[in-house]
Amino acid sequence: MQKTPTPDRPEPLDPAQLLDDPYAAYEELREAGPVHRITGPDGQPAWLVTRYADVRAALADPRLSLDKRNGAAGYRGFSLPPALDANLLNMDPPDHTRIRRLVVKAFTPGRVEKLRAPVAKVAHDLLDAVADRGSADLIADYAGPLPIIVICDLLGVPEGDRRDFRAWTDQLITPDPNRPGAMKEAIGAMLAFFTGLIATKRAEPGDDLLSDLIAVRDEPDDGTGAVAGDRLSEDELTSLAFLILFAGYENTVHLIGNAVLALLDHPDVLAGLRAEPAGLPAAVEEFARYDGPAPLAIRRFPVADVEIGGVTVPAGESVLLSLASANRDPERFPEPAKLDPHRDVFGHLALGHGIHYCLGAPLARMEAQTALGALIQRFPGLRLAVPRTELRWRRSIRARGLMSLPVAW
């Protein structure tokens with residue numbers, strides 16, 4: 001890895017190093033400089049920001065746009081159709097403000113707390129299903145199904161329509177190189193799914209978030225056909241449903257899975273939380289900092305030349321903000337490679353910062369607390385069922401999560 005990248009000579013990141021040992025790679029980059037002109041594992045040129053203070057400031061900088069139309073190189077992300085792409089991860093104010101306002105009430109701490117008992121029931125039902133086996137893949141049998149069940153219940157997705165969603169999501173995050181058309185097929189299937197679900201809910205509304213959003217969308221307009229006030233366009237409605245389900249699953253499954261692995265790697269921390277479960281909320285914040293589900297924030301595009309860490313980034317170029325690197329910056333978190341559930345973890349960036357802070361953060365936190373609490377109390381003999389070196393991580397710069405987590409008890 002070169003130590004002195006320049007704007008006209010991008011620093012190539014070794015994909016294997018970044019994916020297999022990301023924290024060592026980010027440590028090297030952090031020490032080499034705050035901002036790096038790179039060509040990432042996805043083949044796209046970008047400016048990578050690695051230090052906590054710069055990442056935190058950039059996350060809240062209104063000059064850094066999420067709207068891909070402000071990108072000079074034609075970046076397309078997942079290449080989603082408009083009906084799935086008109087979402088909060090591709091928007092700036094005022095549209096971002098308008099749409100976020102419509103849905104944020106569903107994720108307030110007070111409303112989320114009312115879901116704790118139903119989530120606990122889901123957790124125990126999933127553990128009941130595997131308890132007598134004495135072993136399980138904790139991703140496939142527990143960390144994966146739990147957030148899907150919770151977010152589908154919130155949106156009102158019928159049980160029979162939930163089985164394919166994880167496979168579609170996996171294709172977006174970790175495309176199968178042996179199936180070049182699989183990602184496009186998954187996008188098409190998701191579009192058809194959400195279009196059909198909205199049509200069903202429109203015809204037969206229920207007591208769920210999606211029905212509420214459809215009601216907002218279908219309020220009579222002012223006679224001009226324009227979307228006014230807090231109204232949603234049809235594409236925005238479909239995209240919002242997609243984002244809630246997609247993000248509600250992807251971030252939470254990896255938050256839970258990574259936390260369980262961290263506990264198995266640190267039996268003293270596991271024993272401490274089993275003895276004092278009241279420490280779980282603080283521990284979940286440390287798990288998120290220590291090995292969070294999203295290594296990078298959503299790609300941003302400066303609307304004007306902007307200085308980051310003493311480096312001028314030209315307008316329209318891609319900026320990648322490394323949440324994983326920022327959360328391991330020793331200038332902010334002393335001994336960052338140490339898992340310490342008692343540390344002052346306030347201000348960690350695992351769930352973002354600023355106006356784009358994770359919408360579902362209260363729900364993700366509560367699900368992780370509940371899932372971990374149930375697991376460690378139910379299975380006191382919990383242990384890895386395979387050598388640590390056999391565990392495999394997703395081959396993605398977008399998500400930090402295990403392919404599987406075989407455990408026994």
# chains A, B, ... in the order shown; residues from 1 in each chain; ligands from 1
>>> select_by_dssp(residues="range 33-269 of chain A", states="helix (DSSP H, G or I)", output="PyMOL selection string")
chain A and resi 52-59+68-70+82-85+88-90+95-107+109-113+116-131+138-143+145-155+159-161+165-173+182-203+209-217+234-265+267-269
>>> residues_around(residues="range 136-152 of chain A", least_positions_apart="3", cutoff="8 Å", atoms="only C-alpha atoms", output="ChimeraX atom specification")
/A:119,122-123,126-127,130,133,155-158,162,166,244-245,248-249,252-254,256-257,367,371,402-408
>>> residues_around(residues="range 300-313 of chain A", least_positions_apart="3", cutoff="7 Å", atoms="only C-alpha atoms", output="list in words")
Pro34, Val35, Asp54, Arg63, Leu64, Ser65, Leu66, Asn70, Gly71, Gly316, Glu317, Ser318, Val319 and Leu320 of chain A
>>> atom_distance(atom1="CA of Phe333 in chain A", atom2="CA of Val345 in chain A")
7.6 Å
>>> closest_residue(among="A:Asn258, A:Lys105, A:Gly360, A:Pro81", to="Asp235 in chain A", atoms="only C-alpha atoms")
A:Pro81
>>> closest_residue(among="A:Leu391, A:Val216, A:Val269, A:Met366", to="Arg111 in chain A", atoms="only C-alpha atoms")
A:Met366
>>> closest_residue(among="A:Leu213, A:Leu296, A:Phe193, A:Pro45", to="Gly74 in chain A", atoms="only C-alpha atoms")
A:Pro45
>>> residues_around(residues="Gly206 in chain A", least_positions_apart="2", cutoff="12 Å", atoms="only C-alpha atoms", output="VMD selection string")
chain A and resid 153 to 158 197 to 198 200 to 204 208 to 215
>>> residues_around(residues="Asp95 in chain A", least_positions_apart="4", cutoff="12 Å", atoms="only C-alpha atoms", output="MDAnalysis selection string")
chainID A and resid 66:67 86:91 99:102 227:233 236
>>> residues_around(residues="His266 in chain A", least_positions_apart="5", cutoff="9 Å", atoms="only C-alpha atoms", output="JSON, numbers by chain")
{"A": [261, 271, 339]}
>>> closest_residue(among="A:Asp20, A:Glu31, A:Ala368, A:Leu321", to="Asp61 in chain A", atoms="only C-alpha atoms")
A:Leu321
>>> closest_residue(among="A:Arg398, A:Arg378, A:Arg289, A:Arg388", to="Ala326 in chain A", atoms="only C-alpha atoms")
A:Arg289
>>> closest_residue(among="A:Leu191, A:Leu29, A:Leu351, A:Leu172", to="Arg395 in chain A", atoms="only C-alpha atoms")
A:Leu172
